[in-house]
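Coordinates from entry34.pdb are shown below (PDB, C-alpha atoms, pLDDT in the B column).
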ATOM      1  CA  MET A   1      22.514  20.038  13.571  1.00 45.00           C
ATOM      2  CA  PRO A   2      20.466  21.547  10.721  1.00 46.00           C
ATOM      3  CA  ALA A   3      16.669  21.500  11.120  1.00 51.00           C
ATOM      4  CA  GLY A   4      16.204  19.160   8.130  1.00 51.00           C
ATOM      5  CA  GLN A   5      18.547  16.619   9.653  1.00 57.00           C
ATOM      6  CA  LYS A   6      16.732  16.797  12.999  1.00 70.00           C
ATOM      7  CA  ASP A   7      13.422  16.285  11.165  1.00 87.00           C
ATOM      8  CA  GLY A   8      14.803  13.316   9.208  1.00 92.00           C
ATOM      9  CA  ASN A   9      16.177  11.638  12.316  1.00 93.00           C
ATOM     10  CA  ALA A  10      12.914  12.232  14.203  1.00 94.00           C
ATOM     11  CA  LEU A  11      10.790  10.899  11.320  1.00 96.00           C
ATOM     12  CA  ALA A  12      12.893   7.731  11.032  1.00 96.00           C
ATOM     13  CA  ALA A  13      12.620   7.230  14.803  1.00 96.00           C
ATOM     14  CA  ARG A  14       8.818   7.607  14.620  1.00 96.00           C
ATOM     15  CA  TYR A  15       8.678   5.107  11.743  1.00 97.00           C
ATOM     16  CA  LEU A  16      10.664   2.557  13.752  1.00 97.00           C
ATOM     17  CA  GLN A  17       8.535   3.171  16.848  1.00 97.00           C
ATOM     18  CA  MET A  18       5.310   2.598  14.859  1.00 98.00           C
ATOM     19  CA  LEU A  19       6.771  -0.621  13.504  1.00 97.00           C
ATOM     20  CA  ASN A  20       8.019  -1.966  16.824  1.00 98.00           C
ATOM     21  CA  ASP A  21       4.809  -0.936  18.625  1.00 98.00           C
ATOM     22  CA  HIS A  22       2.796  -2.707  15.888  1.00 98.00           C
ATOM     23  CA  ASN A  23       0.638   0.403  15.672  1.00 98.00           C
ATOM     24  CA  PRO A  24      -0.565   1.189  12.129  1.00 98.00           C
ATOM     25  CA  ASP A  25      -2.243   4.350  13.462  1.00 98.00           C
ATOM     26  CA  GLY A  26       1.250   5.612  14.261  1.00 97.00           C
ATOM     27  CA  VAL A  27       1.576   6.613  10.593  1.00 97.00           C
ATOM     28  CA  ASP A  28      -0.356   9.749  11.586  1.00 96.00           C
ATOM     29  CA  ASP A  29       2.855  10.929  13.294  1.00 95.00           C
ATOM     30  CA  PHE A  30       5.097  10.914  10.207  1.00 96.00           C
ATOM     31  CA  VAL A  31       3.221  10.204   6.929  1.00 96.00           C
ATOM     32  CA  ALA A  32       1.625  13.010   4.887  1.00 96.00           C
ATOM     33  CA  LEU A  33      -2.034  12.686   3.899  1.00 96.00           C
ATOM     34  CA  LYS A  34      -1.080  12.651   0.210  1.00 96.00           C
ATOM     35  CA  TYR A  35       1.929  10.351   0.649  1.00 97.00           C
ATOM     36  CA  ILE A  36       3.234   8.952  -2.648  1.00 98.00           C
ATOM     37  CA  ASN A  37       4.463   5.366  -2.362  1.00 97.00           C
ATOM     38  CA  HIS A  38       6.477   3.955  -5.259  1.00 97.00           C
ATOM     39  CA  ASN A  39       6.070   0.415  -3.904  1.00 94.00           C
ATOM     40  CA  PRO A  40       3.461  -1.131  -6.244  1.00 91.00           C
ATOM     41  CA  PHE A  41       1.997  -3.203  -3.391  1.00 91.00           C
ATOM     42  CA  VAL A  42       1.175  -0.236  -1.158  1.00 94.00           C
ATOM     43  CA  GLU A  43      -1.480   2.332  -2.008  1.00 95.00           C
ATOM     44  CA  ASP A  44      -0.646   6.021  -1.916  1.00 97.00           C
ATOM     45  CA  GLY A  45      -1.834   8.210   0.941  1.00 96.00           C
ATOM     46  CA  ARG A  46      -1.754   7.902   4.684  1.00 96.00           C
ATOM     47  CA  GLU A  47      -4.692   5.473   4.670  1.00 96.00           C
ATOM     48  CA  GLY A  48      -2.990   3.213   2.125  1.00 96.00           C
ATOM     49  CA  ASN A  49       0.067   3.156   4.354  1.00 96.00           C
ATOM     50  CA  ARG A  50      -2.039   2.391   7.422  1.00 97.00           C
ATOM     51  CA  THR A  51      -3.814  -0.459   5.591  1.00 97.00           C
ATOM     52  CA  PHE A  52      -0.499  -1.972   4.513  1.00 96.00           C
ATOM     53  CA  TRP A  53       0.903  -1.938   8.059  1.00 97.00           C
ATOM     54  CA  ALA A  54      -2.265  -3.415   9.573  1.00 98.00           C
ATOM     55  CA  SER A  55      -1.982  -6.332   7.139  1.00 97.00           C
ATOM     56  CA  PHE A  56       1.761  -6.669   7.741  1.00 97.00           C
ATOM     57  CA  PHE A  57       1.267  -6.829  11.522  1.00 98.00           C
ATOM     58  CA  THR A  58      -1.380  -9.526  11.023  1.00 97.00           C
ATOM     59  CA  ALA A  59       1.115 -11.582   9.014  1.00 97.00           C
ATOM     60  CA  PHE A  60       4.023 -10.952  11.415  1.00 98.00           C
ATOM     61  CA  PRO A  61       2.598  -9.998  14.831  1.00 98.00           C
ATOM     62  CA  ASP A  62       5.955 -10.378  16.588  1.00 98.00           C
ATOM     63  CA  ILE A  63       7.979  -8.409  14.022  1.00 98.00           C
ATOM     64  CA  VAL A  64      10.878  -6.370  15.384  1.00 98.00           C
ATOM     65  CA  GLY A  65      12.677  -3.789  13.272  1.00 98.00           C
ATOM     66  CA  THR A  66      16.235  -2.597  13.678  1.00 98.00           C
ATOM     67  CA  MET A  67      17.656   0.493  12.003  1.00 98.00           C
ATOM     68  CA  GLU A  68      21.097  -0.484  10.712  1.00 98.00           C
ATOM     69  CA  ASP A  69      21.969   2.812   9.006  1.00 97.00           C
ATOM     70  CA  LEU A  70      20.404   6.237   8.553  1.00 97.00           C
ATOM     71  CA  VAL A  71      21.524   8.980   6.200  1.00 97.00           C
ATOM     72  CA  VAL A  72      19.801  12.363   6.111  1.00 96.00           C
ATOM     73  CA  ALA A  73      20.673  14.786   3.316  1.00 95.00           C
ATOM     74  CA  GLY A  74      18.517  17.773   2.502  1.00 93.00           C
ATOM     75  CA  ASP A  75      14.944  16.585   2.055  1.00 95.00           C
ATOM     76  CA  ARG A  76      15.962  12.882   1.778  1.00 97.00           C
ATOM     77  CA  VAL A  77      16.053  10.270   4.505  1.00 97.00           C
ATOM     78  CA  VAL A  78      17.638   6.910   3.664  1.00 98.00           C
ATOM     79  CA  GLY A  79      17.384   4.017   6.084  1.00 98.00           C
ATOM     80  CA  ARG A  80      18.632   0.449   5.999  1.00 98.00           C
ATOM     81  CA  PHE A  81      16.477  -1.788   8.183  1.00 98.00           C
ATOM     82  CA  THR A  82      16.315  -5.426   9.251  1.00 98.00           C
ATOM     83  CA  TYR A  83      12.999  -6.981  10.329  1.00 98.00           C
ATOM     84  CA  ARG A  84      12.687 -10.304  12.150  1.00 98.00           C
ATOM     85  CA  GLY A  85       9.473 -12.081  13.004  1.00 98.00           C
ATOM     86  CA  THR A  86       7.325 -15.177  12.584  1.00 98.00           C
ATOM     87  CA  HIS A  87       4.922 -15.706   9.696  1.00 98.00           C
ATOM     88  CA  THR A  88       1.693 -16.447  11.596  1.00 98.00           C
ATOM     89  CA  GLY A  89      -0.881 -14.757   9.338  1.00 97.00           C
ATOM     90  CA  PRO A  90      -1.566 -14.435   5.606  1.00 96.00           C
ATOM     91  CA  TYR A  91       1.027 -12.500   3.594  1.00 94.00           C
ATOM     92  CA  TYR A  92       0.398 -11.704  -0.083  1.00 91.00           C
ATOM     93  CA  GLY A  93      -1.870 -14.732  -0.357  1.00 92.00           C
ATOM     94  CA  VAL A  94       0.463 -17.122   1.468  1.00 95.00           C
ATOM     95  CA  PRO A  95      -1.227 -18.696   4.500  1.00 96.00           C
ATOM     96  CA  ALA A  96       0.600 -18.695   7.819  1.00 97.00           C
ATOM     97  CA  THR A  97       3.552 -21.084   7.934  1.00 97.00           C
ATOM     98  CA  GLY A  98       4.786 -20.475  11.487  1.00 97.00           C
ATOM     99  CA  LYS A  99       8.299 -20.028  10.110  1.00 97.00           C
ATOM    100  CA  PRO A 100      10.740 -17.328  11.175  1.00 97.00           C
ATOM    101  CA  VAL A 101      11.590 -14.725   8.561  1.00 97.00           C
ATOM    102  CA  GLU A 102      14.173 -12.018   8.208  1.00 97.00           C
ATOM    103  CA  MET A 103      13.550  -9.165   5.826  1.00 95.00           C
ATOM    104  CA  ARG A 104      15.879  -6.356   4.926  1.00 97.00           C
ATOM    105  CA  SER A 105      14.954  -3.078   3.302  1.00 97.00           C
ATOM    106  CA  ILE A 106      16.507   0.085   2.057  1.00 98.00           C
ATOM    107  CA  ASP A 107      13.984   2.898   2.239  1.00 98.00           C
ATOM    108  CA  ILE A 108      14.279   6.368   0.764  1.00 98.00           C
ATOM    109  CA  TRP A 109      11.837   9.046   1.838  1.00 98.00           C
ATOM    110  CA  ARG A 110      11.382  12.611   0.677  1.00 97.00           C
ATOM    111  CA  THR A 111      10.359  14.983   3.440  1.00 96.00           C
ATOM    112  CA  GLU A 112       8.334  18.163   3.391  1.00 94.00           C
ATOM    113  CA  ASN A 113       6.900  20.203   6.260  1.00 93.00           C
ATOM    114  CA  GLY A 114       8.092  17.680   8.859  1.00 93.00           C
ATOM    115  CA  GLU A 115       6.455  14.627   7.216  1.00 95.00           C
ATOM    116  CA  PHE A 116       7.401  11.869   4.831  1.00 97.00           C
ATOM    117  CA  VAL A 117       5.709  12.776   1.530  1.00 97.00           C
ATOM    118  CA  GLU A 118       7.222  10.257  -0.879  1.00 97.00           C
ATOM    119  CA  HIS A 119       8.783   6.794  -0.547  1.00 98.00           C
ATOM    120  CA  TRP A 120      10.868   4.298  -2.507  1.00 98.00           C
ATOM    121  CA  ASP A 121      12.104   0.948  -1.189  1.00 97.00           C
ATOM    122  CA  GLU A 122      14.082  -2.150  -2.035  1.00 95.00           C
ATOM    123  CA  LEU A 123      13.129  -5.349  -0.185  1.00 93.00           C
ATOM    124  CA  ASN A 124      14.603  -8.859  -0.067  1.00 92.00           C
ATOM    125  CA  LEU A 125      11.222 -10.521  -0.646  1.00 92.00           C
ATOM    126  CA  LEU A 126      12.803 -13.469  -2.479  1.00 91.00           C
ATOM    127  CA  GLU A 127      14.516 -14.519   0.748  1.00 91.00           C
ATOM    128  CA  VAL A 128      11.304 -13.922   2.718  1.00 93.00           C
ATOM    129  CA  PHE A 129       9.342 -16.263   0.455  1.00 94.00           C
ATOM    130  CA  GLN A 130      12.185 -18.790   0.615  1.00 94.00           C
ATOM    131  CA  ALA A 131      12.099 -18.643   4.435  1.00 94.00           C
ATOM    132  CA  MET A 132       8.323 -19.246   4.325  1.00 94.00           C
ATOM    133  CA  GLY A 133       8.932 -22.288   2.103  1.00 94.00           C
ATOM    134  CA  VAL A 134       7.042 -20.873  -0.883  1.00 93.00           C
ATOM    135  CA  ILE A 135      10.134 -20.721  -3.127  1.00 92.00           C
ATOM    136  CA  PRO A 136      12.927 -23.283  -2.817  1.00 90.00           C
ATOM    137  CA  PRO A 137      16.338 -21.970  -1.803  1.00 84.00           C
ATOM    138  CA  PHE A 138      18.954 -21.636  -4.526  1.00 80.00           C
ATOM    139  CA  ASN A 139      21.553 -24.374  -4.883  1.00 76.00           C
ATOM    140  CA  LEU A 140      24.638 -22.153  -5.041  1.00 73.00           C
ATOM    141  CA  GLY A 141      27.314 -24.777  -4.600  1.00 71.00           C
ATOM    142  CA  GLY A 142      25.670 -27.927  -5.898  1.00 61.00           C
ATOM    143  CA  THR A 143      26.461 -29.839  -9.076  1.00 58.00           C
ATOM    144  CA  GLU A 144      22.952 -30.983  -9.966  1.00 57.00           C
ATOM    145  CA  ASP A 145      22.345 -27.929 -12.152  1.00 51.00           C
ATOM    146  CA  ALA A 146      25.724 -28.161 -13.888  1.00 47.00           C
ATOM    147  CA  GLN A 147      24.855 -31.308 -15.834  1.00 45.00           C
TER     148      GLN A 147
END
Would you mind writing the structure in this file as structure tokens?
Amino acid sequence: MPAGQKDGNALAARYLQMLNDHNPDGVDDFVALKYINHNPFVEDGREGNRTFWASFFTAFPDIVGTMEDLVVAGDRVVGRFTYRGTHTGPYYGVPATGKPVEMRSIDIWRTENGEFVEHWDELNLLEVFQAMGVIPPFNLGGTEDAQ
């Protein structure tokens, strides 16, 4: 297995371990100091990443992540993840609801020198906010909207 692929697999495993251990300080094991995050809700840098995860673990203290797929190619690591937990703390201004949530993400990282240095993601936040009761679910089969 090429070294880059070993690094990518190891970095993804460390990410998932940090998440499932609920340990925001675990970012020290895989995130570069000058990490660039293209998610507009997460600050750049290792500290911005740590701050995001601390807040996330407050909102979902029982969150469990599962890696569904992982693709490593050159300096890119692409993971598809599912997260399940209970909304028991504030999340983006929404007070705790006590409701279960499921979130899915597709994350793309660029690696350099054995660390994640850049990140892009796609999240199903619409479904998360629907599960929390903030946004009503869509009526996909109903006739009320057809009239």
Close residues, Val71 (chain A) itself excluded, 10 Å, only C-alpha atoms, min 4 positions apart in chain, as JSON, numbers by chain: {"A": [5, 8, 9, 12, 76, 77, 78, 79, 80, 108]}
Residues within 8 Å of region 118-122 of chain A, only C-alpha atoms, excluding chain neighbours under 3 positions, as an NGL selection string: :A and (35-39 or 105-111)
Reference answer for the PyMOL selection byres ((chain A and resi 127-140) around 10), as a VMD selection string: chain A and resid 86 to 87 91 94 to 104 123 to 126 141 to 145
Tell me which protein, DNA and RNA residues are within 10 Å of Asp7 (chain A), counting only C-alpha atoms, leaving out same-chain ones fewer than 6 positions away, and put them as a PDB file with C-alpha atoms, in the coordinates of the input.
ATOM      1  CA  ALA A  13      12.620   7.230  14.803  1.00 96.00           C
ATOM      2  CA  PHE A  30       5.097  10.914  10.207  1.00 96.00           C
ATOM      3  CA  VAL A  72      19.801  12.363   6.111  1.00 96.00           C
ATOM      4  CA  ASP A  75      14.944  16.585   2.055  1.00 95.00           C
ATOM      5  CA  VAL A  77      16.053  10.270   4.505  1.00 97.00           C
ATOM      6  CA  THR A 111      10.359  14.983   3.440  1.00 96.00           C
ATOM      7  CA  GLU A 112       8.334  18.163   3.391  1.00 94.00           C
ATOM      8  CA  ASN A 113       6.900  20.203   6.260  1.00 93.00           C
ATOM      9  CA  GLY A 114       8.092  17.680   8.859  1.00 93.00           C
ATOM     10  CA  GLU A 115       6.455  14.627   7.216  1.00 95.00           C
ATOM     11  CA  PHE A 116       7.401  11.869   4.831  1.00 97.00           C
TER      12      PHE A 116
END
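Using the PyMOL selection byres ((chain A and resi 60-68) around 7) on the file at hand returns these residues: A:Leu16, A:Leu19, A:Asn20, A:Phe56, A:Phe57, A:Thr58, A:Ala59, A:Asp69, A:Gly79, A:Arg80, A:Phe81, A:Thr82, A:Tyr83, A:Arg84, A:Gly85, A:Thr86, A:His87, A:Thr88, A:Gly89.
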Distance of CA of Tyr15 (chain A) from CA of Leu70 (chain A), expressed in Å to one decimal place: 12.2 Å
Contact residues around Asp28 (chain A) with only C-alpha atoms at 12 Å, ignoring same-chain residues under 4 positions, as an MDAnalysis selection string: chainID A and resid 11 14:15 18 23:24 32:35 45:50 114:116
Distance in Å - CA of Pro40 (chain A) versus CA of Ala54 (chain A): 17.0 Å
Which residue of A:Val42, A:Asp29, A:Ser55, A:Gly74 approaches Gln17 (chain A) most closely, using all atoms listed in the file: A:Asp29
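If you measure from each of A:Gly93, A:Trp53, A:Glu43, A:Ala10 to His22 (chain A) using all atoms listed in the file, the closest one turns out to be A:Trp53.
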Region 46-52 of chain A: axis-aligned bounding box, 6 Å on each side, centre and edge lengths in Å, one decimal, as JSON:
{"center_x": -2.3, "center_y": 3.0, "center_z": 4.8, "size_x": 16.8, "size_y": 21.9, "size_z": 17.3}
Could you complete region 28-60 of chain A so that it carries N, CA and C atoms, and give it back as a short mmCIF file (atom, residue, chain, number, x, y, z; two decimals), in the coordinates of the input?
data_model
loop_
_atom_site.label_atom_id
_atom_site.label_comp_id
_atom_site.auth_asym_id
_atom_site.auth_seq_id
_atom_site.Cartn_x
_atom_site.Cartn_y
_atom_site.Cartn_z
N ASP A 28 0.11 8.37 11.46
CA ASP A 28 -0.36 9.75 11.59
C ASP A 28 0.75 10.68 12.07
N ASP A 29 1.78 10.13 12.72
CA ASP A 29 2.86 10.93 13.29
C ASP A 29 3.97 11.27 12.30
N PHE A 30 3.97 10.65 11.12
CA PHE A 30 5.10 10.91 10.21
C PHE A 30 4.75 10.84 8.72
N VAL A 31 3.59 10.36 8.34
CA VAL A 31 3.22 10.20 6.93
C VAL A 31 2.24 11.30 6.53
N ALA A 32 2.51 11.97 5.40
CA ALA A 32 1.62 13.01 4.89
C ALA A 32 0.33 12.39 4.36
N LEU A 33 -0.74 13.16 4.40
CA LEU A 33 -2.03 12.69 3.90
C LEU A 33 -1.94 12.24 2.44
N LYS A 34 -1.18 12.96 1.64
CA LYS A 34 -1.08 12.65 0.21
C LYS A 34 0.25 11.96 -0.12
N TYR A 35 0.69 11.11 0.77
CA TYR A 35 1.93 10.35 0.65
C TYR A 35 1.95 9.59 -0.67
N ILE A 36 3.06 9.69 -1.39
CA ILE A 36 3.23 8.95 -2.65
C ILE A 36 4.16 7.78 -2.36
N ASN A 37 3.68 6.57 -2.62
CA ASN A 37 4.46 5.37 -2.36
C ASN A 37 4.79 4.70 -3.69
N HIS A 38 6.05 4.56 -3.99
CA HIS A 38 6.48 3.96 -5.26
C HIS A 38 6.58 2.44 -5.16
N ASN A 39 6.18 1.87 -4.04
CA ASN A 39 6.07 0.42 -3.90
C ASN A 39 4.73 0.02 -4.52
N PRO A 40 4.72 -0.82 -5.57
CA PRO A 40 3.46 -1.13 -6.24
C PRO A 40 2.46 -1.92 -5.39
N PHE A 41 2.88 -2.42 -4.24
CA PHE A 41 2.00 -3.20 -3.39
C PHE A 41 1.37 -2.39 -2.26
N VAL A 42 1.70 -1.10 -2.21
CA VAL A 42 1.18 -0.24 -1.16
C VAL A 42 0.50 0.97 -1.81
N GLU A 43 -0.74 1.20 -1.45
CA GLU A 43 -1.48 2.33 -2.01
C GLU A 43 -0.88 3.65 -1.51
N ASP A 44 -1.05 4.68 -2.32
CA ASP A 44 -0.65 6.02 -1.92
C ASP A 44 -1.52 6.51 -0.77
N GLY A 45 -1.06 7.57 -0.12
CA GLY A 45 -1.83 8.21 0.94
C GLY A 45 -1.57 7.60 2.30
N ARG A 46 -1.93 8.36 3.30
CA ARG A 46 -1.75 7.90 4.68
C ARG A 46 -2.59 6.65 4.94
N GLU A 47 -3.82 6.63 4.43
CA GLU A 47 -4.69 5.47 4.67
C GLU A 47 -4.16 4.22 3.99
N GLY A 48 -3.60 4.37 2.79
CA GLY A 48 -2.99 3.21 2.12
C GLY A 48 -1.83 2.66 2.93
N ASN A 49 -1.05 3.56 3.52
CA ASN A 49 0.07 3.16 4.35
C ASN A 49 -0.43 2.44 5.60
N ARG A 50 -1.46 3.00 6.22
CA ARG A 50 -2.04 2.39 7.42
C ARG A 50 -2.58 0.98 7.11
N THR A 51 -3.26 0.84 5.99
CA THR A 51 -3.81 -0.46 5.59
C THR A 51 -2.71 -1.49 5.38
N PHE A 52 -1.62 -1.06 4.72
CA PHE A 52 -0.50 -1.97 4.51
C PHE A 52 0.05 -2.47 5.85
N TRP A 53 0.30 -1.54 6.78
CA TRP A 53 0.90 -1.94 8.06
C TRP A 53 -0.03 -2.82 8.87
N ALA A 54 -1.32 -2.55 8.84
CA ALA A 54 -2.26 -3.42 9.57
C ALA A 54 -2.17 -4.84 9.05
N SER A 55 -2.11 -5.01 7.74
CA SER A 55 -1.98 -6.33 7.14
C SER A 55 -0.63 -6.97 7.48
N PHE A 56 0.42 -6.18 7.44
CA PHE A 56 1.76 -6.67 7.74
C PHE A 56 1.84 -7.17 9.18
N PHE A 57 1.24 -6.42 10.11
CA PHE A 57 1.27 -6.83 11.52
C PHE A 57 0.40 -8.06 11.77
N THR A 58 -0.60 -8.29 10.93
CA THR A 58 -1.38 -9.53 11.02
C THR A 58 -0.52 -10.71 10.58
N ALA A 59 0.26 -10.51 9.54
CA ALA A 59 1.12 -11.58 9.01
C ALA A 59 2.29 -11.88 9.95
N PHE A 60 2.83 -10.83 10.57
CA PHE A 60 4.02 -10.95 11.42
C PHE A 60 3.79 -10.21 12.73
#
